[in-house]
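Trainee: Next up, my_file-v7.pdb (PDB, C-alpha atoms).
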ATOM      1  CA  MET M   1      34.319  12.066  -1.832
ATOM      2  CA  THR M   2      31.424  10.817  -3.947
ATOM      3  CA  ALA M   3      28.705   9.020  -1.994
ATOM      4  CA  LEU M   4      28.465   5.308  -2.738
ATOM      5  CA  VAL M   5      24.751   5.266  -1.892
ATOM      6  CA  LEU M   6      22.636   8.262  -2.835
ATOM      7  CA  ARG M   7      19.360   9.097  -1.109
ATOM      8  CA  ASN M   8      16.588  11.090  -2.751
ATOM      9  CA  ASP M   9      13.223  11.578  -1.056
ATOM     10  CA  LYS M  10      10.170  12.313  -3.197
ATOM     11  CA  ASP M  11       6.585  12.505  -1.960
ATOM     12  CA  GLY M  12       7.171  10.007   0.854
ATOM     13  CA  CYS M  13       9.392   7.599  -1.097
ATOM     14  CA  ALA M  14      13.060   7.299  -0.148
ATOM     15  CA  VAL M  15      15.071   6.208  -3.192
ATOM     16  CA  LEU M  16      18.461   4.668  -2.366
ATOM     17  CA  THR M  17      20.735   4.434  -5.400
ATOM     18  CA  LEU M  18      23.853   2.263  -5.461
ATOM     19  CA  ASN M  19      26.444   4.651  -6.863
ATOM     20  CA  ARG M  20      29.538   2.908  -8.188
ATOM     21  CA  PRO M  21      28.566   3.038 -11.873
ATOM     22  CA  ASP M  22      32.189   2.806 -13.038
ATOM     23  CA  LYS M  23      32.381  -0.556 -11.209
ATOM     24  CA  LEU M  24      28.887  -1.678 -12.257
ATOM     25  CA  ASN M  25      27.798  -0.913  -8.679
ATOM     26  CA  SER M  26      29.739  -3.887  -7.352
ATOM     27  CA  LEU M  27      29.217  -4.258  -3.629
ATOM     28  CA  ASN M  28      32.105  -3.506  -1.280
ATOM     29  CA  VAL M  29      32.358  -2.882   2.455
ATOM     30  CA  ALA M  30      32.326   0.907   2.081
ATOM     31  CA  LEU M  31      29.108   0.818   0.050
ATOM     32  CA  PHE M  32      27.433  -1.416   2.627
ATOM     33  CA  ALA M  33      28.490   0.955   5.416
ATOM     34  CA  GLU M  34      26.712   3.832   3.671
ATOM     35  CA  LEU M  35      23.669   1.683   2.969
ATOM     36  CA  ASP M  36      23.589   0.740   6.653
ATOM     37  CA  ALA M  37      23.457   4.380   7.736
ATOM     38  CA  HIS M  38      20.600   5.142   5.341
ATOM     39  CA  VAL M  39      18.580   2.107   6.437
ATOM     40  CA  ASP M  40      18.996   3.009  10.102
ATOM     41  CA  ALA M  41      17.793   6.549   9.421
ATOM     42  CA  ILE M  42      14.788   5.485   7.361
ATOM     43  CA  ALA M  43      13.657   2.988  10.011
ATOM     44  CA  GLY M  44      12.999   5.918  12.337
ATOM     45  CA  GLU M  45      11.209   8.081   9.760
ATOM     46  CA  THR M  46       7.871   6.295   9.385
ATOM     47  CA  ASP M  47       6.023   9.586   9.802
ATOM     48  CA  ARG M  48       7.459  10.996   6.569
ATOM     49  CA  ILE M  49       8.735   7.969   4.606
ATOM     50  CA  GLY M  50       6.118   5.448   3.543
ATOM     51  CA  LEU M  51       8.061   3.527   0.906
ATOM     52  CA  VAL M  52      11.683   2.670   0.122
ATOM     53  CA  MET M  53      13.128   1.945  -3.308
ATOM     54  CA  VAL M  54      16.608   0.529  -3.952
ATOM     55  CA  ARG M  55      18.115   0.799  -7.431
ATOM     56  CA  GLY M  56      21.418   1.180  -9.239
ATOM     57  CA  ALA M  57      23.077   4.087 -11.034
ATOM     58  CA  GLY M  58      24.289   3.794 -14.603
ATOM     59  CA  LYS M  59      24.070   0.613 -16.655
ATOM     60  CA  CYS M  60      22.785  -1.828 -14.043
ATOM     61  CA  PHE M  61      21.490  -2.574 -10.550
ATOM     62  CA  SER M  62      24.721  -4.294  -9.496
ATOM     63  CA  ALA M  63      27.158  -6.844 -10.871
ATOM     64  CA  GLY M  64      27.386  -8.371  -7.379
ATOM     65  CA  HIS M  65      29.932  -8.703  -4.605
ATOM     66  CA  ASP M  66      33.181  -6.997  -5.592
ATOM     67  CA  LEU M  67      35.484  -9.904  -6.479
ATOM     68  CA  ASN M  68      38.536  -7.679  -6.042
ATOM     69  CA  ASP M  69      37.504  -7.116  -2.441
ATOM     70  CA  ILE M  70      37.032 -10.849  -1.913
ATOM     71  CA  SER M  71      40.420 -11.741  -3.375
ATOM     72  CA  ALA M  72      42.118  -8.983  -1.355
ATOM     73  CA  GLY M  73      40.626 -10.376   1.847
ATOM     74  CA  GLU M  74      38.109  -7.663   2.661
ATOM     75  CA  LYS M  75      37.757  -6.832   6.342
ATOM     76  CA  PRO M  76      34.230  -5.822   7.368
ATOM     77  CA  PRO M  77      33.936  -4.039  10.713
ATOM     78  CA  ARG M  78      32.019  -6.911  12.347
ATOM     79  CA  PRO M  79      31.094 -10.528  11.584
ATOM     80  CA  HIS M  80      28.235 -11.036   9.118
ATOM     81  CA  PHE M  81      28.318  -7.303   8.345
ATOM     82  CA  GLN M  82      26.724  -7.389   4.888
ATOM     83  CA  ALA M  83      24.176 -10.057   5.792
ATOM     84  CA  GLY M  84      23.047  -8.022   8.774
ATOM     85  CA  ILE M  85      22.492  -4.920   6.651
ATOM     86  CA  ILE M  86      20.495  -6.857   4.064
ATOM     87  CA  GLU M  87      18.387  -8.234   6.919
ATOM     88  CA  LYS M  88      17.806  -4.717   8.281
ATOM     89  CA  LEU M  89      16.719  -3.560   4.836
ATOM     90  CA  ALA M  90      14.296  -6.476   4.548
ATOM     91  CA  ASN M  91      12.950  -5.756   8.035
ATOM     92  CA  LEU M  92      12.281  -2.057   7.533
ATOM     93  CA  PRO M  93       8.756  -1.210   8.706
ATOM     94  CA  GLN M  94       8.030   0.432   5.344
ATOM     95  CA  PRO M  95       7.476  -1.575   2.155
ATOM     96  CA  VAL M  96      10.667  -1.945   0.106
ATOM     97  CA  ILE M  97      10.855  -2.124  -3.695
ATOM     98  CA  THR M  98      14.036  -3.284  -5.384
ATOM     99  CA  ALA M  99      14.223  -1.955  -8.935
ATOM    100  CA  VAL M 100      16.518  -4.004 -11.158
ATOM    101  CA  HIS M 101      17.839  -3.125 -14.588
ATOM    102  CA  GLY M 102      20.841  -4.733 -16.248
ATOM    103  CA  HIS M 103      23.068  -7.015 -14.166
ATOM    104  CA  CYS M 104      21.882  -8.473 -10.870
ATOM    105  CA  TYR M 105      24.271 -11.268 -10.000
ATOM    106  CA  THR M 106      24.860 -13.288  -6.838
ATOM    107  CA  GLY M 107      25.446 -10.824  -3.977
ATOM    108  CA  ALA M 108      23.366  -8.242  -5.829
ATOM    109  CA  LEU M 109      20.554 -10.775  -6.126
ATOM    110  CA  GLU M 110      20.789 -11.419  -2.384
ATOM    111  CA  LEU M 111      20.402  -7.674  -1.841
ATOM    112  CA  ALA M 112      17.513  -7.462  -4.318
ATOM    113  CA  LEU M 113      15.703 -10.303  -2.557
ATOM    114  CA  ALA M 114      15.416  -8.079   0.524
ATOM    115  CA  GLY M 115      12.678  -6.168  -1.286
ATOM    116  CA  ASP M 116       9.023  -6.861  -0.586
ATOM    117  CA  LEU M 117       8.483  -6.278  -4.293
ATOM    118  CA  LEU M 118      11.015  -6.740  -7.082
ATOM    119  CA  VAL M 119      10.422  -4.813 -10.293
ATOM    120  CA  CYS M 120      12.705  -5.301 -13.278
ATOM    121  CA  SER M 121      13.191  -4.100 -16.823
ATOM    122  CA  GLU M 122      13.308  -6.473 -19.780
ATOM    123  CA  ASN M 123      17.083  -6.026 -20.011
ATOM    124  CA  ALA M 124      17.579  -7.288 -16.449
ATOM    125  CA  LYS M 125      19.892 -10.279 -16.037
ATOM    126  CA  PHE M 126      19.688 -12.425 -12.919
ATOM    127  CA  ALA M 127      22.054 -15.181 -11.807
ATOM    128  CA  ASP M 128      23.390 -16.893  -8.721
ATOM    129  CA  THR M 129      27.027 -17.655  -9.497
ATOM    130  CA  HIS M 130      28.265 -18.735  -6.062
ATOM    131  CA  ALA M 131      29.137 -22.184  -7.392
ATOM    132  CA  ARG M 132      31.091 -20.733 -10.329
ATOM    133  CA  TRP M 133      33.551 -19.220  -7.858
ATOM    134  CA  ALA M 134      33.502 -22.047  -5.283
ATOM    135  CA  LEU M 135      31.610 -19.868  -2.820
ATOM    136  CA  THR M 136      28.687 -20.577  -0.483
ATOM    137  CA  PRO M 137      25.967 -18.023   0.303
ATOM    138  CA  VAL M 138      26.131 -16.089   3.558
ATOM    139  CA  TRP M 139      23.907 -13.112   2.632
ATOM    140  CA  GLY M 140      20.615 -15.021   2.456
ATOM    141  CA  MET M 141      20.477 -16.664  -0.974
ATOM    142  CA  SER M 142      19.751 -20.192   0.288
ATOM    143  CA  GLN M 143      16.783 -18.924   2.306
ATOM    144  CA  ARG M 144      15.224 -16.045   0.389
ATOM    145  CA  LEU M 145      15.575 -17.424  -3.142
ATOM    146  CA  PRO M 146      13.568 -20.654  -2.575
ATOM    147  CA  ARG M 147      10.951 -18.689  -0.655
ATOM    148  CA  ARG M 148      10.596 -16.435  -3.682
ATOM    149  CA  VAL M 149      10.713 -18.907  -6.584
ATOM    150  CA  GLY M 150      10.225 -22.329  -4.969
ATOM    151  CA  LEU M 151      12.810 -24.945  -4.077
ATOM    152  CA  PRO M 152      13.077 -26.678  -7.500
ATOM    153  CA  LYS M 153      13.742 -23.395  -9.342
ATOM    154  CA  ALA M 154      16.169 -22.239  -6.655
ATOM    155  CA  ARG M 155      18.108 -25.474  -7.077
ATOM    156  CA  GLU M 156      18.217 -24.896 -10.826
ATOM    157  CA  MET M 157      19.518 -21.352 -10.447
ATOM    158  CA  MET M 158      22.110 -22.284  -7.820
ATOM    159  CA  PHE M 159      23.399 -25.443  -9.550
ATOM    160  CA  THR M 160      23.537 -24.150 -13.144
ATOM    161  CA  CYS M 161      24.685 -20.566 -12.443
ATOM    162  CA  ARG M 162      22.894 -19.637 -15.650
ATOM    163  CA  THR M 163      21.586 -16.163 -16.429
ATOM    164  CA  TYR M 164      17.855 -15.418 -16.570
ATOM    165  CA  THR M 165      16.203 -12.536 -18.398
ATOM    166  CA  GLY M 166      13.752 -10.089 -16.900
ATOM    167  CA  ARG M 167      10.815 -11.887 -18.532
ATOM    168  CA  GLU M 168      12.050 -15.236 -17.229
ATOM    169  CA  ALA M 169      12.344 -13.716 -13.756
ATOM    170  CA  GLU M 170       8.763 -12.503 -13.962
ATOM    171  CA  ALA M 171       7.515 -15.894 -15.169
ATOM    172  CA  MET M 172       9.149 -17.760 -12.249
ATOM    173  CA  GLY M 173       7.982 -15.231  -9.657
ATOM    174  CA  LEU M 174      11.435 -13.837  -8.934
ATOM    175  CA  ALA M 175      10.213 -10.463 -10.206
ATOM    176  CA  ASN M 176       6.710  -9.229  -9.462
ATOM    177  CA  ILE M 177       6.656  -7.092 -12.586
ATOM    178  CA  CYS M 178       8.810  -6.842 -15.714
ATOM    179  CA  VAL M 179       8.414  -3.763 -17.904
ATOM    180  CA  PRO M 180       9.920  -2.578 -21.201
ATOM    181  CA  ASP M 181      13.225  -0.790 -20.740
ATOM    182  CA  ALA M 182      11.864   2.521 -22.016
ATOM    183  CA  ASP M 183       9.012   2.446 -19.487
ATOM    184  CA  PHE M 184      11.072   1.430 -16.449
ATOM    185  CA  ASP M 185      11.281   4.780 -14.649
ATOM    186  CA  ALA M 186       7.688   5.722 -15.458
ATOM    187  CA  GLU M 187       6.324   2.392 -14.207
ATOM    188  CA  LEU M 188       8.368   2.628 -11.008
ATOM    189  CA  ASP M 189       6.980   6.100 -10.396
ATOM    190  CA  LYS M 190       3.436   4.879 -11.068
ATOM    191  CA  LEU M 191       3.827   1.931  -8.694
ATOM    192  CA  ALA M 192       5.282   4.124  -5.967
ATOM    193  CA  LYS M 193       2.390   6.581  -6.218
ATOM    194  CA  THR M 194      -0.138   3.720  -6.075
ATOM    195  CA  ILE M 195       1.400   2.293  -2.902
ATOM    196  CA  LEU M 196       1.889   5.673  -1.225
ATOM    197  CA  ALA M 197      -1.750   6.615  -1.882
ATOM    198  CA  ASN M 198      -2.864   3.829   0.462
ATOM    199  CA  SER M 199      -2.561   3.897   4.260
ATOM    200  CA  TRP M 200       1.033   3.902   5.453
ATOM    201  CA  PHE M 201      -0.252   2.587   8.794
ATOM    202  CA  SER M 202      -1.809  -0.420   7.047
ATOM    203  CA  HIS M 203       1.333  -1.043   5.001
ATOM    204  CA  ARG M 204       3.454  -1.225   8.148
ATOM    205  CA  ALA M 205       0.894  -3.366   9.971
ATOM    206  CA  ASN M 206       0.406  -5.745   7.047
ATOM    207  CA  LYS M 207       4.133  -6.118   6.468
ATOM    208  CA  ALA M 208       4.647  -6.951  10.133
ATOM    209  CA  LEU M 209       1.932  -9.629  10.029
ATOM    210  CA  LEU M 210       3.368 -11.183   6.878
ATOM    211  CA  MET M 211       6.860 -11.312   8.349
ATOM    212  CA  GLU M 212       5.787 -12.585  11.755
ATOM    213  CA  THR M 213       3.689 -15.424  10.333
ATOM    214  CA  ASP M 214       5.964 -16.515   7.466
ATOM    215  CA  GLY M 215       6.309 -20.290   7.665
ATOM    216  CA  LEU M 216       3.705 -20.807  10.387
ATOM    217  CA  PRO M 217       0.967 -23.442   9.976
ATOM    218  CA  LEU M 218      -2.362 -21.908   8.944
ATOM    219  CA  ALA M 219      -4.004 -22.256  12.361
ATOM    220  CA  ALA M 220      -1.061 -20.651  14.124
ATOM    221  CA  GLY M 221      -0.951 -17.850  11.581
ATOM    222  CA  LEU M 222      -4.657 -17.120  11.936
ATOM    223  CA  GLY M 223      -4.324 -17.026  15.705
ATOM    224  CA  HIS M 224      -1.371 -14.675  15.415
ATOM    225  CA  GLU M 225      -3.320 -12.350  13.126
ATOM    226  CA  ILE M 226      -6.175 -12.075  15.600
ATOM    227  CA  ALA M 227      -3.882 -11.573  18.570
ATOM    228  CA  ARG M 228      -1.400  -9.210  16.931
ATOM    229  CA  SER M 229      -3.489  -7.196  14.482
ATOM    230  CA  ARG M 230      -2.881  -3.476  14.902
ATOM    231  CA  GLY M 231      -6.517  -2.732  14.150
ATOM    232  CA  ARG M 232      -7.680   0.592  12.812
ATOM    233  CA  GLY M 233      -5.235   3.238  11.750
ATOM    234  CA  PRO M 234      -5.416   6.929  12.686
ATOM    235  CA  ASP M 235      -6.300   7.792   9.083
ATOM    236  CA  MET M 236      -9.264   5.397   8.811
ATOM    237  CA  ALA M 237     -12.036   7.915   9.561
ATOM    238  CA  ASP M 238     -10.642  10.503   7.156
ATOM    239  CA  ARG M 239     -10.293   7.930   4.384
ATOM    240  CA  ILE M 240     -13.829   6.624   4.771
ATOM    241  CA  SER M 241     -15.217  10.152   4.992
ATOM    242  CA  ALA M 242     -13.389  11.213   1.841
ATOM    243  CA  PHE M 243     -14.754   8.164  -0.011
ATOM    244  CA  GLN M 244     -18.312   8.837   1.188
ATOM    245  CA  ASN M 245     -18.132  12.481   0.179
ATOM    246  CA  LYS M 246     -16.816  11.553  -3.244
ATOM    247  CA  THR M 247     -19.584   8.987  -3.708
ATOM    248  CA  ALA M 248     -22.238  11.475  -2.615
ATOM    249  CA  LYS M 249     -21.015  14.039  -5.155
ATOM    250  CA  VAL M 250     -21.073  11.482  -7.964
ATOM    251  CA  SER M 251     -24.613  10.344  -7.149
TER
END
In C-alpha coordinates, what does this structure look like?

Mentor:
Amino acid sequence: MTALVLRNDKDGCAVLTLNRPDKLNSLNVALFAELDAHVDAIAGETDRIGLVMVRGAGKCFSAGHDLNDISAGEKPPRPHFQAGIIEKLANLPQPVITAVHGHCYTGALELALAGDLLVCSENAKFADTHARWALTPVWGMSQRLPRRVGLPKAREMMFTCRTYTGREAEAMGLANICVPDADFDAELDKLAKTILANSWFSHRANKALLMETDGLPLAAGLGHEIARSRGRGPDMADRISAFQNKTAKVS
(Lines of atoms letter the chains of each structure in order from A and count residues from 1; the text may use other names and numbers.)
(Lines give C-alpha, C1' and ligand atoms only; values in the text may rest on other atoms or scores of the structure.)
Protein backbone atom coordinates (compact mmCIF):
# COMPACT_ATOMS: atom_id res chain seq x y z
CA MET A 1 0.00 0.00 0.00
CA THR A 2 1.32 3.44 -0.93
CA ALA A 3 2.02 5.71 2.03
CA LEU A 4 -0.32 8.69 2.28
CA VAL A 5 2.34 10.77 4.04
CA LEU A 6 5.96 10.37 2.99
CA ARG A 7 8.87 11.26 5.25
CA ASN A 8 12.30 12.22 3.96
CA ASP A 9 15.05 13.41 6.30
CA LYS A 10 17.83 15.59 4.90
CA ASP A 11 20.55 17.29 6.94
CA GLY A 12 18.34 17.66 10.02
CA CYS A 13 15.12 18.60 8.20
CA ALA A 14 12.22 16.15 8.21
CA VAL A 15 10.09 16.70 5.10
CA LEU A 16 6.54 15.33 5.37
CA THR A 17 4.80 15.12 2.00
CA LEU A 18 1.04 14.66 1.65
CA ASN A 19 0.82 11.87 -0.90
CA ARG A 20 -2.59 11.58 -2.52
CA PRO A 21 -1.70 13.40 -5.75
CA ASP A 22 -4.47 11.67 -7.72
CA LYS A 23 -6.95 13.23 -5.26
CA LEU A 24 -5.14 16.58 -5.07
CA ASN A 25 -3.92 15.49 -1.62
CA SER A 26 -7.40 15.85 -0.17
CA LEU A 27 -7.38 15.13 3.54
CA ASN A 28 -9.03 11.95 4.81
CA VAL A 29 -8.89 10.05 8.09
CA ALA A 30 -6.27 7.59 6.85
CA LEU A 31 -3.93 10.40 5.80
CA PHE A 32 -4.30 12.10 9.18
CA ALA A 33 -3.53 8.81 10.95
CA GLU A 34 -0.22 8.56 9.09
CA LEU A 35 0.55 12.22 9.73
CA ASP A 36 -0.13 11.63 13.42
CA ALA A 37 2.42 8.82 13.60
CA HIS A 38 5.09 10.94 11.92
CA VAL A 39 4.46 13.93 14.19
CA ASP A 40 4.68 11.76 17.30
CA ALA A 41 7.99 10.31 16.12
CA ILE A 42 9.51 13.67 15.23
CA ALA A 43 8.56 15.18 18.60
CA GLY A 44 10.98 12.76 20.24
CA GLU A 45 13.83 13.30 17.78
CA THR A 46 15.06 16.78 18.71
CA ASP A 47 18.65 15.53 18.80
CA ARG A 48 18.65 14.79 15.06
CA ILE A 49 15.70 16.76 13.62
CA GLY A 50 15.92 20.53 13.90
CA LEU A 51 13.26 21.55 11.39
CA VAL A 52 10.05 20.12 9.93
CA MET A 53 8.60 20.91 6.52
CA VAL A 54 5.11 19.91 5.35
CA ARG A 55 4.28 20.00 1.64
CA GLY A 56 2.18 18.28 -0.99
CA ALA A 57 3.01 15.85 -3.80
CA GLY A 58 2.02 16.54 -7.38
CA LYS A 59 0.06 19.59 -8.49
CA CYS A 60 -0.74 21.17 -5.12
CA PHE A 61 -0.40 21.28 -1.34
CA SER A 62 -3.96 20.06 -0.78
CA ALA A 63 -7.44 20.76 -2.09
CA GLY A 64 -8.75 20.44 1.49
CA HIS A 65 -10.91 18.08 3.51
CA ASP A 66 -12.09 15.20 1.33
CA LEU A 67 -15.73 16.06 0.61
CA ASN A 68 -16.45 12.44 -0.31
CA ASP A 69 -15.41 11.44 3.19
CA ILE A 70 -17.63 14.13 4.70
CA SER A 71 -20.67 13.11 2.67
CA ALA A 72 -20.08 9.43 3.47
CA GLY A 73 -20.03 10.21 7.18
CA GLU A 74 -16.36 9.64 7.94
CA LYS A 75 -15.64 8.00 11.28
CA PRO A 76 -12.40 9.17 12.91
CA PRO A 77 -11.06 6.95 15.69
CA ARG A 78 -11.66 9.57 18.40
CA PRO A 79 -13.44 12.92 18.79
CA HIS A 80 -11.63 15.95 17.35
CA PHE A 81 -9.12 13.59 15.71
CA GLN A 82 -7.92 15.87 12.91
CA ALA A 83 -7.91 19.01 15.05
CA GLY A 84 -5.78 17.27 17.65
CA ILE A 85 -3.20 16.23 15.06
CA ILE A 86 -2.99 19.74 13.62
CA GLU A 87 -2.47 21.02 17.16
CA LYS A 88 0.32 18.48 17.75
CA LEU A 89 2.00 19.58 14.53
CA ALA A 90 1.78 23.23 15.58
CA ASN A 91 3.16 22.36 19.02
CA LEU A 92 6.19 20.40 17.84
CA PRO A 93 9.31 21.64 19.65
CA GLN A 94 11.05 22.14 16.29
CA PRO A 95 10.17 25.00 13.93
CA VAL A 96 7.64 23.96 11.28
CA ILE A 97 7.49 25.29 7.72
CA THR A 98 4.42 24.68 5.59
CA ALA A 99 5.28 24.89 1.90
CA VAL A 100 2.27 25.63 -0.28
CA HIS A 101 2.00 25.39 -4.05
CA GLY A 102 -1.25 25.18 -5.99
CA HIS A 103 -4.49 24.62 -4.07
CA CYS A 104 -4.71 25.22 -0.33
CA TYR A 105 -8.38 25.33 0.53
CA THR A 106 -10.28 25.24 3.82
CA GLY A 107 -9.10 22.17 5.76
CA ALA A 108 -5.77 22.35 3.95
CA LEU A 109 -5.44 25.98 5.00
CA GLU A 110 -6.15 24.96 8.60
CA LEU A 111 -3.32 22.43 8.31
CA ALA A 112 -1.00 24.99 6.69
CA LEU A 113 -1.67 27.47 9.48
CA ALA A 114 -0.02 25.04 11.91
CA GLY A 115 3.33 26.09 10.47
CA ASP A 116 5.50 28.63 12.23
CA LEU A 117 6.40 29.87 8.76
CA LEU A 118 4.31 29.57 5.61
CA VAL A 119 6.14 29.74 2.29
CA CYS A 120 4.23 29.68 -0.97
CA SER A 121 4.79 29.79 -4.70
CA GLU A 122 3.16 32.39 -6.93
CA ASN A 123 0.72 29.78 -8.23
CA ALA A 124 -0.60 29.08 -4.72
CA LYS A 125 -4.35 29.54 -4.22
CA PHE A 126 -5.75 30.05 -0.74
CA ALA A 127 -9.39 30.07 0.35
CA ASP A 128 -11.61 29.32 3.30
CA THR A 129 -14.77 27.82 1.82
CA HIS A 130 -16.50 26.57 4.97
CA ALA A 131 -19.46 28.87 4.33
CA ARG A 132 -19.81 27.66 0.73
CA TRP A 133 -20.64 24.19 2.04
CA ALA A 134 -22.61 25.27 5.14
CA LEU A 135 -19.81 24.10 7.41
CA THR A 136 -18.22 25.62 10.53
CA PRO A 137 -14.51 25.30 11.35
CA VAL A 138 -13.40 22.72 13.90
CA TRP A 139 -9.72 22.40 12.89
CA GLY A 140 -8.61 25.86 14.03
CA MET A 141 -9.54 28.29 11.25
CA SER A 142 -11.46 30.74 13.47
CA GLN A 143 -8.48 31.03 15.82
CA ARG A 144 -5.32 30.70 13.74
CA LEU A 145 -6.42 32.67 10.67
CA PRO A 146 -7.18 35.97 12.49
CA ARG A 147 -3.98 35.60 14.50
CA ARG A 148 -2.10 35.33 11.22
CA VAL A 149 -3.79 37.98 9.06
CA GLY A 150 -5.82 40.09 11.52
CA LEU A 151 -9.52 39.94 12.31
CA PRO A 152 -10.80 42.17 9.45
CA LYS A 153 -9.00 40.13 6.77
CA ALA A 154 -10.05 36.85 8.38
CA ARG A 155 -13.66 38.01 8.26
CA GLU A 156 -13.25 38.86 4.58
CA MET A 157 -11.79 35.45 3.76
CA MET A 158 -14.39 33.54 5.77
CA PHE A 159 -17.44 35.51 4.57
CA THR A 160 -16.56 35.79 0.86
CA CYS A 161 -14.97 32.34 0.36
CA ARG A 162 -12.94 33.96 -2.40
CA THR A 163 -9.59 32.67 -3.62
CA TYR A 164 -6.35 34.56 -2.96
CA THR A 165 -3.13 34.26 -4.94
CA GLY A 166 0.29 33.60 -3.49
CA ARG A 167 1.25 37.27 -3.83
CA GLU A 168 -1.98 38.34 -2.12
CA ALA A 169 -1.25 35.89 0.69
CA GLU A 170 2.20 37.39 1.13
CA ALA A 171 0.83 40.94 1.13
CA MET A 172 -1.72 40.17 3.89
CA GLY A 173 0.79 38.25 6.01
CA LEU A 174 -0.80 34.85 5.46
CA ALA A 175 2.44 33.74 3.78
CA ASN A 176 5.81 34.85 5.09
CA ILE A 177 7.40 34.50 1.67
CA CYS A 178 6.08 34.07 -1.88
CA VAL A 179 8.53 32.96 -4.56
CA PRO A 180 8.33 32.35 -8.32
CA ASP A 181 7.13 28.86 -9.17
CA ALA A 182 10.42 27.88 -10.80
CA ASP A 183 12.38 28.85 -7.68
CA PHE A 184 10.10 27.18 -5.13
CA ASP A 185 12.19 24.11 -4.30
CA ALA A 186 15.47 26.01 -4.35
CA GLU A 187 14.16 28.74 -2.03
CA LEU A 188 12.74 26.16 0.38
CA ASP A 189 16.11 24.42 0.48
CA LYS A 190 17.88 27.75 1.06
CA LEU A 191 15.52 28.70 3.88
CA ALA A 192 15.88 25.31 5.53
CA LYS A 193 19.68 25.53 5.46
CA THR A 194 19.57 29.05 6.93
CA ILE A 195 17.38 27.95 9.84
CA LEU A 196 19.29 24.72 10.48
CA ALA A 197 22.61 26.60 10.58
CA ASN A 198 21.45 28.41 13.73
CA SER A 199 21.18 26.84 17.19
CA TRP A 200 18.52 24.14 17.37
CA PHE A 201 18.47 24.69 21.15
CA SER A 202 17.60 28.36 20.63
CA HIS A 203 14.94 27.52 18.06
CA ARG A 204 13.18 25.20 20.50
CA ALA A 205 13.54 27.66 23.38
CA ASN A 206 12.35 30.63 21.34
CA LYS A 207 9.39 28.74 19.92
CA ALA A 208 8.35 27.70 23.42
CA LEU A 209 8.50 31.30 24.66
CA LEU A 210 6.48 32.57 21.71
CA MET A 211 3.80 29.94 22.22
CA GLU A 212 3.62 30.30 25.99
CA THR A 213 3.25 34.08 25.88
CA ASP A 214 0.93 34.40 22.87
CA GLY A 215 -1.91 36.72 23.87
CA LEU A 216 -0.44 37.77 27.21
CA PRO A 217 -0.23 41.46 28.17
CA LEU A 218 3.28 42.87 27.69
CA ALA A 219 4.15 42.95 31.40
CA ALA A 220 3.05 39.37 31.90
CA GLY A 221 4.95 38.25 28.83
CA LEU A 222 8.14 39.97 29.94
CA GLY A 223 7.86 38.37 33.36
CA HIS A 224 7.32 34.98 31.76
CA GLU A 225 10.39 35.42 29.57
CA ILE A 226 12.60 36.16 32.56
CA ALA A 227 11.19 33.32 34.62
CA ARG A 228 11.03 30.70 31.88
CA SER A 229 14.00 31.49 29.65
CA ARG A 230 16.09 28.39 28.99
CA GLY A 231 19.27 30.44 29.05
CA ARG A 232 22.42 29.35 27.31
CA GLY A 233 22.48 26.35 25.05
CA PRO A 234 25.10 23.59 25.09
CA ASP A 235 26.44 24.82 21.74
CA MET A 236 26.97 28.44 22.82
CA ALA A 237 30.69 28.20 23.64
CA ASP A 238 31.51 26.37 20.41
CA ARG A 239 29.57 28.90 18.34
CA ILE A 240 31.25 31.90 19.93
CA SER A 241 34.67 30.27 19.65
CA ALA A 242 34.14 29.49 15.97
CA PHE A 243 33.11 33.11 15.32
CA GLN A 244 36.13 34.47 17.20
CA ASN A 245 38.51 32.20 15.34
CA LYS A 246 37.01 33.21 12.02
CA THR A 247 37.29 36.89 12.91
CA ALA A 248 40.90 36.47 14.03
CA LYS A 249 41.83 34.82 10.72
CA VAL A 250 40.20 37.61 8.72
CA SER A 251 41.98 40.35 10.67

Trainee: Would you mind listing what lies within 7 Å of region 173-188 of chain M as an MDAnalysis selection string, with all atoms listed in the file counted and same-chain residues fewer than 2 positions away left out?

Mentor: chainID M and resid 117:123 148:149 166:167 169:171 190:192

Trainee: Choose the residue, out of M:Trp133, M:Tyr105, M:Phe61, M:Trp139, that has the smallest atom-to-atom separation from Phe81 (chain M); count all atoms listed in the file.

Mentor: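 Of all the options, M:Trp139 lies closest to Phe81 (chain M).
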
Trainee: Could you tell me which residues the PyMOL selection byres ((chain M and resi 22) around 12) grabs in this file, written as a ChimeraX atom specification?

Mentor: /M:4,18-21,23-26,56-60,62-63

Trainee: Would you list the contacts of Ala208 (chain M) as a count of residues only, taking every protein, DNA or RNA residue within 12 Å and counting all atoms listed in the file, but skipping same-chain residues closer than 3 positions in sequence?

Mentor: 21

Trainee: Step by step: start from the point (4.2, 4.8, 1.7) in the file's coordinates, keep every protein, DNA or RNA residue that has an atom no farther than 6 Å from it, count only C-alpha atoms, and write the set as a PyMOL selection string.

Mentor: chain M and resi 50-51+195-196+200

Trainee: Using the chain letters and numbering of this document, enumerate as an MDAnalysis selection string the residues selected by the PyMOL selection byres ((chain M and resi 49) around 8).

Mentor: chainID M and resid 12:14 42 45:48 50:52 94

Trainee: Any idea what the distance is between CA of Lys10 (chain M) and CA of Arg144 (chain M)?

Mentor: 29.0 Å

Trainee: Which residue out of M:Ser142, M:Gln244, M:Asn206, M:Thr2 has the minimum interatomic distance to Gly231 (chain M) when only C-alpha atoms are used?

Mentor: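 Distance minimum relative to Gly231 (chain M) lands on M:Asn206.
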
Trainee: Can you pull out the residues contacting Phe159 (chain M)? Cut-off 10 Å, using all atoms listed in the file, and skip same-chain residues under 3 positions away; I want them as a CSV table (one decimal) with C-alpha atoms, in the coordinates of the input.

Mentor:
chain,number,residue,atom,x,y,z
M,128,ASP,CA,23.4,-16.9,-8.7
M,129,THR,CA,27.0,-17.7,-9.5
M,130,HIS,CA,28.3,-18.7,-6.1
M,131,ALA,CA,29.1,-22.2,-7.4
M,132,ARG,CA,31.1,-20.7,-10.3
M,153,LYS,CA,13.7,-23.4,-9.3
M,154,ALA,CA,16.2,-22.2,-6.7
M,155,ARG,CA,18.1,-25.5,-7.1
M,156,GLU,CA,18.2,-24.9,-10.8
M,162,ARG,CA,22.9,-19.6,-15.6

Trainee: Quick one, how far is CA of Leu27 (chain M) from CA of Asp11 (chain M)?

Mentor: 28.2 Å

Trainee: Give me the result of the PyMOL selection byres ((chain M and resi 88) around 9) on this file, residue by residue, as a PyMOL selection string.

Mentor: chain M and resi 36+39-40+43+83-87+89-92+114

Trainee: Smallest atom-to-atom distance to Ala112 (chain M): which of M:Val5, M:Ala30, M:Ile226, M:Val96, using only C-alpha atoms?

Mentor: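 Using only C-alpha atoms, Ala112 (chain M) sits closest to M:Val96.
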
Trainee: Padding of 4 Å on every side, edges along x, y and z, all listed atoms of region 224-234 of chain M included: what centre and edge lengths in Å, to one decimal, does that box have, as JSON?

Mentor:
{"center_x": -4.5, "center_y": -3.9, "center_z": 15.2, "size_x": 14.3, "size_y": 29.6, "size_z": 14.8}

Trainee: Between CA of Val100 (chain M) and CA of Asp189 (chain M), what is the distance in Å, rounded to a tenth?

Mentor: 13.9 Å

Trainee: Pick from M:Asn28, M:Ala108, M:Asn245, M:Glu168: nearest to Glu74 (chain M), with all atoms listed in the file counted?

Mentor: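 Among the listed residues, the smallest separation from Glu74 (chain M) belongs to M:Asn28.
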